[in-house]
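data.txt (compact mmCIF, C-alpha atoms)
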```
# COMPACT_ATOMS: atom_id res chain seq x y z
CA MET A 820 -121.18 131.71 -13.83
CA SER A 821 -119.87 134.80 -12.05
CA GLU A 822 -117.21 136.60 -14.17
CA ALA A 823 -115.58 137.93 -11.01
CA THR A 824 -115.17 134.64 -9.18
CA GLY A 825 -115.51 131.95 -11.84
CA VAL A 826 -117.90 130.13 -9.47
CA SER A 827 -121.13 128.70 -10.85
CA MET A 828 -124.20 130.55 -9.56
CA VAL A 829 -126.58 127.74 -10.50
CA PRO A 830 -128.52 126.90 -7.30
CA LYS A 831 -128.24 123.41 -5.87
CA SER A 832 -131.23 121.11 -6.20
CA PRO A 833 -133.05 120.51 -2.90
CA MET A 834 -131.69 116.94 -2.63
CA THR A 835 -128.12 118.03 -3.45
CA TRP A 836 -128.37 120.63 -0.69
CA LEU A 837 -129.65 118.04 1.79
CA MET A 838 -127.04 115.40 0.97
CA ALA A 839 -124.27 117.99 1.34
CA THR A 840 -125.21 118.41 5.02
CA GLN A 841 -123.77 114.95 5.73
CA SER A 842 -120.46 116.77 6.15
CA ARG A 843 -121.75 118.09 9.49
CA GLY A 844 -121.35 114.59 10.91
CA VAL A 845 -122.86 113.31 14.15
CA GLN A 846 -123.61 115.87 16.86
CA PRO A 847 -125.64 114.32 19.70
CA GLY A 848 -128.22 116.56 21.35
CA LEU A 849 -131.83 117.60 20.92
CA HIS A 850 -131.61 121.40 21.04
CA ARG A 851 -131.04 121.85 17.29
CA MET A 852 -133.83 119.40 16.47
CA GLU A 853 -136.29 121.09 18.82
CA ARG A 854 -135.51 124.51 17.32
CA LEU A 855 -135.85 123.14 13.79
CA LEU A 856 -139.22 121.56 14.48
CA ALA A 857 -140.50 124.79 16.01
CA ALA A 858 -139.30 126.68 12.94
CA ILE A 859 -141.37 124.51 10.59
CA GLY A 860 -144.52 124.58 12.69
CA GLY A 861 -144.13 121.56 14.98
CA PRO A 862 -145.27 118.81 12.58
CA GLN A 863 -144.53 116.12 15.15
CA VAL A 864 -146.91 117.40 17.82
CA ASN A 865 -149.95 115.36 16.85
CA LEU A 866 -148.18 112.30 15.47
CA ARG A 867 -148.90 108.95 17.15
CA CYS A 868 -145.70 106.97 17.08
CA LEU A 869 -144.33 103.52 17.78
CA HIS A 870 -140.67 104.13 18.62
CA VAL A 871 -138.06 101.39 18.17
CA ALA A 872 -134.48 101.48 19.47
CA GLY A 873 -131.81 98.80 19.80
CA THR A 874 -128.66 97.60 18.07
CA ASN A 875 -129.84 94.87 15.72
CA GLY A 876 -133.28 94.11 14.32
CA LYS A 877 -134.68 97.65 14.58
CA GLY A 878 -135.49 97.86 10.90
CA SER A 879 -137.09 94.43 10.77
CA VAL A 880 -139.23 95.13 13.85
CA CYS A 881 -140.34 98.44 12.31
CA ALA A 882 -141.14 96.71 9.01
CA PHE A 883 -143.19 94.01 10.76
CA ALA A 884 -145.04 96.55 12.92
CA GLU A 885 -145.88 98.78 9.96
CA SER A 886 -147.05 95.82 7.89
CA LEU A 887 -149.25 94.59 10.73
CA LEU A 888 -150.86 98.00 11.14
CA ARG A 889 -151.42 98.42 7.42
CA ALA A 890 -153.00 94.96 7.24
CA GLN A 891 -155.57 96.28 9.74
CA GLY A 892 -156.40 99.24 7.51
CA VAL A 893 -154.35 101.82 9.41
CA ARG A 894 -152.77 104.59 7.33
CA THR A 895 -149.13 104.30 8.31
CA GLY A 896 -145.88 106.20 8.18
CA LEU A 897 -142.56 104.36 8.35
CA TYR A 898 -139.21 106.07 9.03
CA THR A 899 -136.00 104.03 8.77
CA SER A 900 -132.33 104.52 7.88
CA PRO A 901 -130.12 104.30 6.00
CA HIS A 902 -131.58 103.97 2.53
CA LEU A 903 -130.14 101.34 0.22
CA VAL A 904 -130.61 102.93 -3.22
CA GLU A 905 -133.22 105.70 -3.20
CA PHE A 906 -133.45 108.36 -0.50
CA SER A 907 -137.25 108.00 -0.53
CA GLU A 908 -136.89 104.51 1.03
CA ARG A 909 -136.40 106.27 4.38
CA ILE A 910 -139.91 107.76 4.40
CA ARG A 911 -142.86 105.56 3.49
CA ILE A 912 -146.52 106.52 3.64
CA ALA A 913 -149.21 103.83 3.39
CA GLY A 914 -146.58 101.34 2.26
CA LYS A 915 -145.12 103.48 -0.53
CA ASN A 916 -141.98 105.61 -0.73
CA ALA A 917 -142.62 109.32 -0.37
CA CYS A 918 -142.84 110.96 -3.80
CA ALA A 919 -139.92 113.02 -5.08
CA SER A 920 -141.90 116.25 -5.49
CA ALA A 921 -143.18 116.12 -1.90
CA ILE A 922 -139.65 115.46 -0.63
CA ASP A 923 -138.22 118.38 -2.60
CA ALA A 924 -140.94 120.71 -1.34
CA ALA A 925 -140.26 119.67 2.24
CA ILE A 926 -136.51 120.21 1.78
CA VAL A 927 -137.18 123.72 0.50
CA ARG A 928 -139.20 124.41 3.65
CA LEU A 929 -136.19 123.27 5.71
CA GLN A 930 -133.84 125.45 3.67
CA GLU A 931 -136.03 128.48 4.22
CA ALA A 932 -136.43 127.78 7.94
CA THR A 933 -132.67 127.54 8.55
CA ALA A 934 -131.44 130.15 6.06
CA GLY A 935 -130.37 132.71 8.65
CA TRP A 936 -128.84 130.36 11.21
CA ASN A 937 -125.14 130.46 11.93
CA GLU A 938 -122.92 127.41 11.42
CA GLU A 939 -123.10 126.25 15.06
CA GLU A 940 -126.90 126.28 14.94
CA GLN A 941 -127.28 124.38 11.67
CA PRO A 942 -128.99 120.96 12.04
CA THR A 943 -127.22 117.76 11.06
CA PHE A 944 -128.24 115.67 8.08
CA PHE A 945 -130.14 113.16 10.23
CA GLU A 946 -131.95 115.93 12.10
CA LEU A 947 -133.03 117.51 8.82
CA VAL A 948 -134.20 114.18 7.41
CA THR A 949 -136.15 113.39 10.58
CA ALA A 950 -137.87 116.78 10.53
CA LEU A 951 -138.60 116.25 6.84
CA ALA A 952 -140.21 112.90 7.65
CA PHE A 953 -142.37 114.38 10.42
CA ASP A 954 -143.51 117.09 8.01
CA LEU A 955 -144.47 114.56 5.33
CA PHE A 956 -146.19 112.25 7.81
CA LYS A 957 -148.35 115.13 9.04
CA ARG A 958 -149.19 116.28 5.52
CA GLY A 959 -149.81 112.67 4.45
CA GLY A 960 -152.47 112.11 7.10
CA CYS A 961 -150.68 109.20 8.79
CA GLU A 962 -152.70 107.69 11.62
CA VAL A 963 -149.72 105.87 13.17
CA VAL A 964 -146.02 106.37 12.49
CA VAL A 965 -143.37 103.70 13.11
CA LEU A 966 -140.00 105.30 13.91
CA GLU A 967 -136.58 103.65 13.91
CA THR A 968 -133.97 105.50 15.95
CA GLY A 969 -130.80 106.48 14.18
CA LEU A 970 -128.04 106.46 16.79
CA GLY A 971 -128.77 105.53 20.40
CA GLY A 972 -132.07 106.85 21.63
CA ARG A 973 -131.81 109.44 24.40
CA LEU A 974 -130.27 112.12 22.19
CA ASP A 975 -131.56 110.83 18.86
CA ALA A 976 -133.56 113.24 16.69
CA THR A 977 -136.50 110.81 16.63
CA ASN A 978 -136.83 111.18 20.41
CA THR A 979 -138.68 114.46 19.92
CA ALA A 980 -141.81 112.64 18.74
CA PRO A 981 -144.77 111.71 20.98
CA LYS A 982 -145.19 107.95 21.49
CA LEU A 983 -147.93 105.38 21.81
CA ALA A 984 -145.43 102.62 22.69
CA CYS A 985 -141.72 101.81 22.57
CA ALA A 986 -139.64 98.73 21.80
CA ILE A 987 -136.03 97.77 22.46
CA THR A 988 -134.44 95.19 20.16
CA PRO A 989 -131.30 93.22 21.14
CA ILE A 990 -128.45 95.36 22.44
CA ALA A 991 -124.91 94.68 21.25
CA PHE A 992 -121.65 96.61 20.99
CA ASP A 993 -121.91 99.29 18.32
CA HIS A 994 -121.18 103.03 18.11
CA THR A 995 -119.27 102.74 21.38
CA GLU A 996 -117.60 106.11 20.79
CA TRP A 997 -121.02 107.72 21.24
CA LEU A 998 -123.01 105.31 23.40
CA GLY A 999 -120.53 103.88 25.89
CA ILE A 1000 -118.16 100.94 26.18
CA THR A 1001 -120.36 98.57 28.21
CA LEU A 1002 -123.64 96.89 27.32
CA ALA A 1003 -125.24 98.57 30.32
CA ALA A 1004 -124.19 102.03 29.15
CA ILE A 1005 -125.39 101.38 25.61
CA ALA A 1006 -128.68 99.99 26.93
CA ARG A 1007 -129.29 103.06 29.07
CA GLU A 1008 -128.77 105.31 26.04
CA LYS A 1009 -131.28 103.25 24.05
CA ALA A 1010 -133.71 103.33 26.98
CA GLY A 1011 -133.65 107.12 26.83
CA ILE A 1012 -136.71 106.86 24.55
CA PHE A 1013 -138.88 105.71 27.50
CA ARG A 1014 -141.61 107.98 28.83
CA LYS A 1015 -143.76 107.80 31.95
CA GLY A 1016 -146.79 105.59 31.43
CA ILE A 1017 -145.89 104.65 27.84
CA PRO A 1018 -145.71 100.84 27.43
CA ILE A 1019 -142.44 99.17 26.46
CA VAL A 1020 -141.74 95.88 24.71
CA ILE A 1021 -138.28 94.37 25.25
CA ALA A 1022 -136.61 91.71 23.11
CA PRO A 1023 -134.47 89.07 24.88
CA GLN A 1024 -131.20 90.63 26.03
CA GLU A 1025 -127.83 89.82 27.54
CA ARG A 1026 -128.19 90.00 31.32
CA GLU A 1027 -126.22 93.26 31.69
CA ALA A 1028 -128.34 95.01 29.07
CA ALA A 1029 -131.61 93.60 30.40
CA GLU A 1030 -130.92 94.84 33.92
CA ALA A 1031 -130.10 98.35 32.67
CA ILE A 1032 -133.24 98.49 30.51
CA LEU A 1033 -135.56 97.27 33.27
CA GLU A 1034 -134.02 99.69 35.76
CA SER A 1035 -134.54 102.56 33.32
CA ALA A 1036 -138.19 101.55 32.86
CA ARG A 1037 -138.74 101.52 36.65
CA GLU A 1038 -137.10 104.93 37.04
CA VAL A 1039 -139.30 106.46 34.37
CA GLY A 1040 -142.46 104.70 35.47
CA ALA A 1041 -143.17 102.86 32.22
CA PRO A 1042 -144.85 99.42 32.10
CA CYS A 1043 -142.80 96.88 30.21
CA GLU A 1044 -143.07 93.39 28.83
CA VAL A 1045 -140.16 91.09 27.94
CA ILE A 1046 -140.75 88.83 24.96
CA SER A 1047 -140.22 85.22 26.04
CA ALA A 1048 -141.05 83.27 22.87
CA PRO A 1049 -140.77 83.79 19.11
CA LEU A 1050 -143.75 83.97 16.82
CA THR A 1051 -145.23 80.50 16.33
CA PRO A 1052 -144.08 78.50 13.28
CA ASP A 1053 -147.61 78.12 11.90
CA LEU A 1054 -147.40 81.72 10.66
CA LYS A 1055 -145.38 82.18 7.48
CA LEU A 1056 -143.02 85.16 7.54
CA GLY A 1057 -141.98 87.30 4.62
CA LEU A 1058 -138.40 87.42 5.97
CA ALA A 1059 -135.95 84.52 6.23
CA GLY A 1060 -134.23 83.33 9.42
CA SER A 1061 -135.49 81.99 12.73
CA TYR A 1062 -134.33 85.16 14.49
CA GLN A 1063 -136.95 87.05 12.46
CA ARG A 1064 -139.62 85.20 14.45
CA TRP A 1065 -138.31 87.00 17.52
CA ASN A 1066 -138.45 90.32 15.67
CA ALA A 1067 -141.99 89.55 14.56
CA ALA A 1068 -142.99 88.71 18.14
CA VAL A 1069 -141.60 92.05 19.35
CA ALA A 1070 -143.46 93.89 16.59
CA LEU A 1071 -146.75 92.11 17.27
CA GLU A 1072 -146.62 92.92 20.97
CA LEU A 1073 -145.62 96.51 20.21
CA VAL A 1074 -148.70 96.90 18.04
CA ARG A 1075 -150.88 95.30 20.72
CA VAL A 1076 -149.69 97.43 23.64
CA ALA A 1077 -150.24 100.51 21.44
CA GLY A 1078 -153.92 99.57 21.31
CA PHE A 1079 -154.20 97.65 18.04
CA GLU A 1080 -155.22 93.98 18.20
CA PRO A 1081 -154.77 92.33 14.79
CA SER A 1082 -157.39 89.86 13.64
CA ALA A 1083 -156.15 86.42 12.64
CA GLU A 1084 -156.39 87.48 9.00
CA ALA A 1085 -154.49 90.73 9.55
CA LEU A 1086 -151.81 88.92 11.55
CA SER A 1087 -151.23 86.34 8.84
CA LYS A 1088 -151.22 88.96 6.11
CA GLY A 1089 -149.07 91.43 8.03
CA VAL A 1090 -146.19 89.09 8.89
CA GLY A 1091 -146.40 87.22 5.60
CA ALA A 1092 -146.40 90.22 3.28
CA VAL A 1093 -143.63 92.17 5.00
CA SER A 1094 -140.72 93.13 2.77
CA TRP A 1095 -137.37 94.40 4.00
CA PRO A 1096 -134.68 94.55 1.28
CA GLY A 1097 -131.12 93.67 2.18
CA ARG A 1098 -132.05 91.12 4.83
CA PHE A 1099 -131.16 87.70 3.38
CA GLN A 1100 -132.53 88.96 0.10
CA ARG A 1101 -132.27 86.34 -2.65
CA LEU A 1102 -131.70 87.43 -6.25
CA LYS A 1103 -130.69 85.82 -9.52
CA PHE A 1104 -127.05 86.46 -10.44
CA ALA A 1105 -125.39 85.20 -13.64
CA ASP A 1106 -126.37 81.51 -13.72
CA GLY A 1107 -126.85 81.22 -9.98
CA GLU A 1108 -128.02 83.04 -6.88
CA LEU A 1109 -126.91 86.15 -5.03
CA ILE A 1110 -127.90 86.63 -1.40
CA LEU A 1111 -127.66 90.14 0.06
CA ASP A 1112 -127.55 90.73 3.79
CA GLY A 1113 -126.77 94.02 5.49
CA ALA A 1114 -125.31 92.47 8.65
CA HIS A 1115 -122.80 95.11 9.76
CA ASN A 1116 -121.61 94.11 13.22
CA LEU A 1117 -120.58 90.91 14.95
CA HIS A 1118 -123.97 90.14 16.50
CA ALA A 1119 -125.74 90.53 13.15
CA ILE A 1120 -123.10 88.46 11.34
CA ARG A 1121 -123.68 85.58 13.76
CA GLN A 1122 -127.40 85.76 13.02
CA LEU A 1123 -126.58 85.69 9.32
CA VAL A 1124 -124.41 82.59 9.71
CA ALA A 1125 -127.24 80.84 11.57
CA THR A 1126 -129.72 81.83 8.86
CA TRP A 1127 -127.36 80.56 6.15
CA ARG A 1128 -127.20 77.17 7.90
CA GLU A 1129 -131.00 77.09 8.20
CA GLU A 1130 -131.63 78.07 4.60
CA CYS A 1131 -128.65 76.56 2.76
CA GLY A 1132 -127.32 73.81 5.01
CA GLU A 1133 -123.72 72.93 4.21
CA ARG A 1134 -123.81 74.58 0.79
CA PRO A 1135 -120.67 76.74 0.46
CA CYS A 1136 -120.79 80.38 -0.57
CA ARG A 1137 -118.63 82.62 -2.67
CA LEU A 1138 -118.32 85.44 -0.14
CA ILE A 1139 -118.17 89.12 -1.05
CA PHE A 1140 -117.27 91.14 2.02
CA GLY A 1141 -116.80 94.84 2.66
CA ALA A 1142 -117.18 96.71 5.94
CA LEU A 1143 -116.61 99.96 7.75
CA ALA A 1144 -113.34 100.14 9.65
CA ASP A 1145 -115.04 100.81 13.01
CA LYS A 1146 -117.22 97.66 12.91
CA ASP A 1147 -114.58 95.03 13.84
CA PRO A 1148 -114.38 93.56 10.33
CA VAL A 1149 -111.74 90.99 11.29
CA ALA A 1150 -114.03 89.35 13.86
CA MET A 1151 -116.93 89.51 11.39
CA LEU A 1152 -114.88 87.78 8.70
CA ALA A 1153 -113.72 85.08 11.12
CA GLU A 1154 -117.38 84.09 11.60
CA LEU A 1155 -118.08 84.02 7.86
CA ILE A 1156 -115.00 82.24 6.52
CA PRO A 1157 -116.19 78.71 7.48
CA LEU A 1158 -119.11 79.22 5.08
CA ALA A 1159 -116.92 80.24 2.16
CA CYS A 1160 -115.20 78.39 -0.65
CA GLU A 1161 -113.82 81.74 -1.86
CA VAL A 1162 -113.55 85.20 -0.36
CA HIS A 1163 -113.72 88.45 -2.33
CA LEU A 1164 -112.82 91.60 -0.41
CA VAL A 1165 -114.15 94.94 -1.66
CA PRO A 1166 -114.27 98.54 -0.44
CA VAL A 1167 -117.52 100.11 0.78
CA ALA A 1168 -118.65 103.36 -0.85
CA SER A 1169 -117.96 105.33 2.32
CA SER A 1170 -115.02 107.32 3.64
CA ARG A 1171 -115.14 105.00 6.66
CA THR A 1172 -114.43 101.82 4.68
CA ILE A 1173 -111.65 99.46 5.65
CA ASN A 1174 -109.09 99.01 2.89
CA PRO A 1175 -109.59 95.49 1.47
CA SER A 1176 -105.85 95.09 0.85
CA GLU A 1177 -105.19 95.71 4.55
CA LEU A 1178 -107.99 93.36 5.51
CA ALA A 1179 -106.47 90.57 3.40
CA LEU A 1180 -103.39 90.64 5.62
CA LYS A 1181 -105.28 90.14 8.88
CA LYS A 1182 -104.96 87.05 11.06
CA CYS A 1183 -108.34 85.61 10.03
CA PHE A 1184 -106.66 84.44 6.81
CA THR A 1185 -103.66 82.73 8.39
CA GLY A 1186 -103.46 78.92 8.07
CA CYS A 1187 -103.71 76.77 4.99
CA SER A 1188 -107.32 75.69 5.67
CA HIS A 1189 -108.73 79.12 4.76
CA PRO A 1190 -109.42 80.29 1.22
CA VAL A 1191 -106.93 82.85 -0.07
CA PRO A 1192 -108.77 86.19 -0.30
CA MET A 1193 -109.12 87.97 -3.62
CA VAL A 1194 -108.89 91.74 -3.36
CA HIS A 1195 -110.89 93.98 -5.69
CA GLU A 1196 -110.74 97.73 -6.23
CA SER A 1197 -114.51 97.91 -6.45
CA LEU A 1198 -117.67 95.87 -6.01
CA ALA A 1199 -118.27 96.19 -9.75
CA GLY A 1200 -114.91 94.51 -10.32
CA ALA A 1201 -115.80 91.65 -8.01
CA PHE A 1202 -119.13 91.16 -9.78
CA ASP A 1203 -117.33 91.02 -13.13
CA VAL A 1204 -114.94 88.33 -11.90
CA LEU A 1205 -117.72 86.23 -10.40
CA ARG A 1206 -119.86 86.47 -13.53
CA HIS A 1207 -117.05 85.13 -15.72
CA ASP A 1208 -115.43 82.58 -13.41
CA ASP A 1209 -117.63 79.51 -13.15
CA HIS A 1210 -115.31 77.05 -11.42
CA ALA A 1211 -117.41 77.39 -8.26
CA SER A 1212 -120.71 77.80 -10.06
CA GLY A 1213 -122.52 75.47 -7.64
CA ALA A 1214 -122.02 77.92 -4.78
CA ALA A 1215 -124.29 80.87 -4.14
CA VAL A 1216 -122.76 84.32 -3.82
CA LEU A 1217 -123.22 85.88 -0.37
CA LEU A 1218 -122.63 89.62 -0.08
CA THR A 1219 -122.50 91.14 3.39
CA GLY A 1220 -120.68 93.38 5.86
CA SER A 1221 -122.45 96.70 5.35
CA LEU A 1222 -125.86 98.07 4.40
CA PHE A 1223 -124.01 100.60 2.25
CA LEU A 1224 -122.46 97.68 0.34
CA VAL A 1225 -125.89 96.09 -0.12
CA GLY A 1226 -127.19 99.40 -1.45
CA GLU A 1227 -124.31 99.62 -3.90
CA ALA A 1228 -125.00 96.06 -5.07
CA LEU A 1229 -128.69 96.80 -5.68
CA SER A 1230 -127.77 99.96 -7.56
CA LEU A 1231 -125.23 98.15 -9.76
CA LEU A 1232 -127.65 95.34 -10.50
CA SER A 1233 -130.23 97.87 -11.67
CA GLY A 1234 -127.72 99.67 -13.87
CA GLY A 1235 -126.87 102.50 -11.47
CA VAL A 1236 -123.64 103.58 -9.82
CA ALA A 1237 -122.44 103.75 -6.23
CA THR A 1238 -122.91 106.92 -4.20
CA VAL A 1239 -120.46 107.60 -1.38
CA ARG A 1240 -122.47 107.89 1.84
CA ASN A 1241 -121.64 108.11 5.51
CA GLN A 1242 -125.16 108.21 7.00
```
Please go through the file and, once you have read it, give me the structure as structure tokens.
Amino acid sequence: MSEATGVSMVPKSPMTWLMATQSRGVQPGLHRMERLLAAIGGPQVNLRCLHVAGTNGKGSVCAFAESLLRAQGVRTGLYTSPHLVEFSERIRIAGKNACASAIDAAIVRLQEATAGWNEEEQPTFFELVTALAFDLFKRGGCEVVVLETGLGGRLDATNTAPKLACAITPIAFDHTEWLGITLAAIAREKAGIFRKGIPIVIAPQEREAAEAILESAREVGAPCEVISAPLTPDLKLGLAGSYQRWNAAVALELVRVAGFEPSAEALSKGVGAVSWPGRFQRLKFADGELILDGAHNLHAIRQLVATWREECGERPCRLIFGALADKDPVAMLAELIPLACEVHLVPVASSRTINPSELALKKCFTGCSHPVPMVHESLAGAFDVLRHDDHASGAAVLLTGSLFLVGEALSLLSGGVATVRNQ
């Protein structure tokens, strides 16, 4: 500690330094990312990438595509966000999380590359993480990398990578402050990943979004294919929900147009072995079952409700719900309440969380037919109540509303603690 200032001179660990950059927030644009990549030697230049944008289903499509490639013997890289518990979940090489020592070494390279830059030039957290991933994928000898966009597409840090093929998953209203207030505007931002001559696979879309996507493809000069049917039911999927058959169909075609034709064995293995935590993930809880789903906007919540009906029928749930204030939590709750025999409202470990006490007063709880919401100061508190109150023991617990909340749940269940995150 400095005697003059009283400030500790102990250097931050590489990961502490990286996580602190979340305070820089979202700053759309590619100029910082391009400069950063040049400063660390252009690790993205020779990567061969499958690039996936969209509102919902991006992560599942990426997981299916990576699993299909790996089932064919391809050495893969997979980049997704956010992580649920461990940062290393974001960067996977050959099906395994990047190792901590390699991540730390890559962060140090980023620190050194940006050490002399002024505040306006400093990259954002997501830009740094994306550059870190490119660096590790190059050093890890990845033959094909599957990339999930972070926010939008056109100005997303991942859009600096070369592509073998692109995919667009269903477009819905999300991040409207950055992407636009119409489906067409949002779709055009997502379609900013298109490149001349690079094939595109498009999931079924609302008409307004579909027209904008197809127009963007024509303008760029990229061949595209619209998926018209889900994956056939004779193939067993590793993920629950009929909508996942559509995601699997998008992923399969994405792999095919990139030049990889799975054998029947690789297809069956790839879609059957895929794992994607936090997507209708079923766990034991107390004497019953806990289902975790990271649905975090209205479109995803409706898919969750449909999956619940498919998997659980009319079985009621004990609902745990927490959401970010900018995700229309009232409309999300209105879709979920018919499933619930009880509702437990909790905060999300993010500065953007909606206050559960405020949410309890919203119109979705008016009328005597709805369960009276129980408000908790923390998810840990809600878990404690549910573990010791068995009057609704026949009902499964459903936790949803935010991927951050799912991550906190997984951490608590493994004996960890919540970490406040915004990205």
Which of A:Leu1117, A:Leu1218, A:Ala1068, A:Leu1224 sits closest to Arg1101 (chain A) [using only C-alpha atoms]: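 Using only C-alpha atoms, Arg1101 (chain A) sits closest to A:Leu1218.
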Selected residue of minimal separation from Asn875 (chain A) among A:Gln941, A:Ser1233, A:Thr1172, A:Asn1066, counting all atoms listed in the file: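 Counting all atoms listed in the file, the residue closest to Asn875 (chain A) is A:Asn1066.
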Selection as a list of chain:residue names: residues within 8 Å of (-115.6, 79.0, 2.0), counting only C-alpha atoms: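 I get A:Pro1135, A:Cys1136, A:Arg1137, A:Leu1138, A:Ile1156, A:Pro1157, A:Leu1158, A:Ala1159, A:Cys1160, A:Glu1161, A:Val1162, A:His1189, A:Pro1190 for the residues within 8 Å of that point.
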Closest atom pairs, region 1062-1081 of chain A residues within 7 Å of region 879-887 of chain A, all atoms listed in the file, as JSON lines:
```
{"residue": "A:Asn1066", "atom": "CA", "partner": "A:Val880", "partner_atom": "CA", "distance": 5.2}
{"residue": "A:Ala1067", "atom": "CA", "partner": "A:Phe883", "partner_atom": "CA", "distance": 6.0}
{"residue": "A:Val1069", "atom": "CA", "partner": "A:Val880", "partner_atom": "CA", "distance": 6.7}
{"residue": "A:Ala1070", "atom": "CA", "partner": "A:Ala884", "partner_atom": "CA", "distance": 4.8}
{"residue": "A:Leu1071", "atom": "CA", "partner": "A:Ala884", "partner_atom": "CA", "distance": 6.4}
{"residue": "A:Val1074", "atom": "CA", "partner": "A:Ala884", "partner_atom": "CA", "distance": 6.3}
```
Pick from A:Ser1094, A:Ser907, A:Gln863, A:Ser1082, whichever lies nearest to Gln891 (chain A) using only C-alpha atoms: A:Ser1082
d(CA of Val864 (chain A), CA of Arg958 (chain A)) in Å: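 Result for CA of Val864 (chain A) versus CA of Arg958 (chain A): 12.6 Å, one decimal.
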Using all atoms listed in the file: which of A:Val1039, A:Ala1048, A:Leu1058, A:Ile926 has the shortest distance to Lys831 (chain A):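 Counting all atoms listed in the file, the residue closest to Lys831 (chain A) is A:Ile926.
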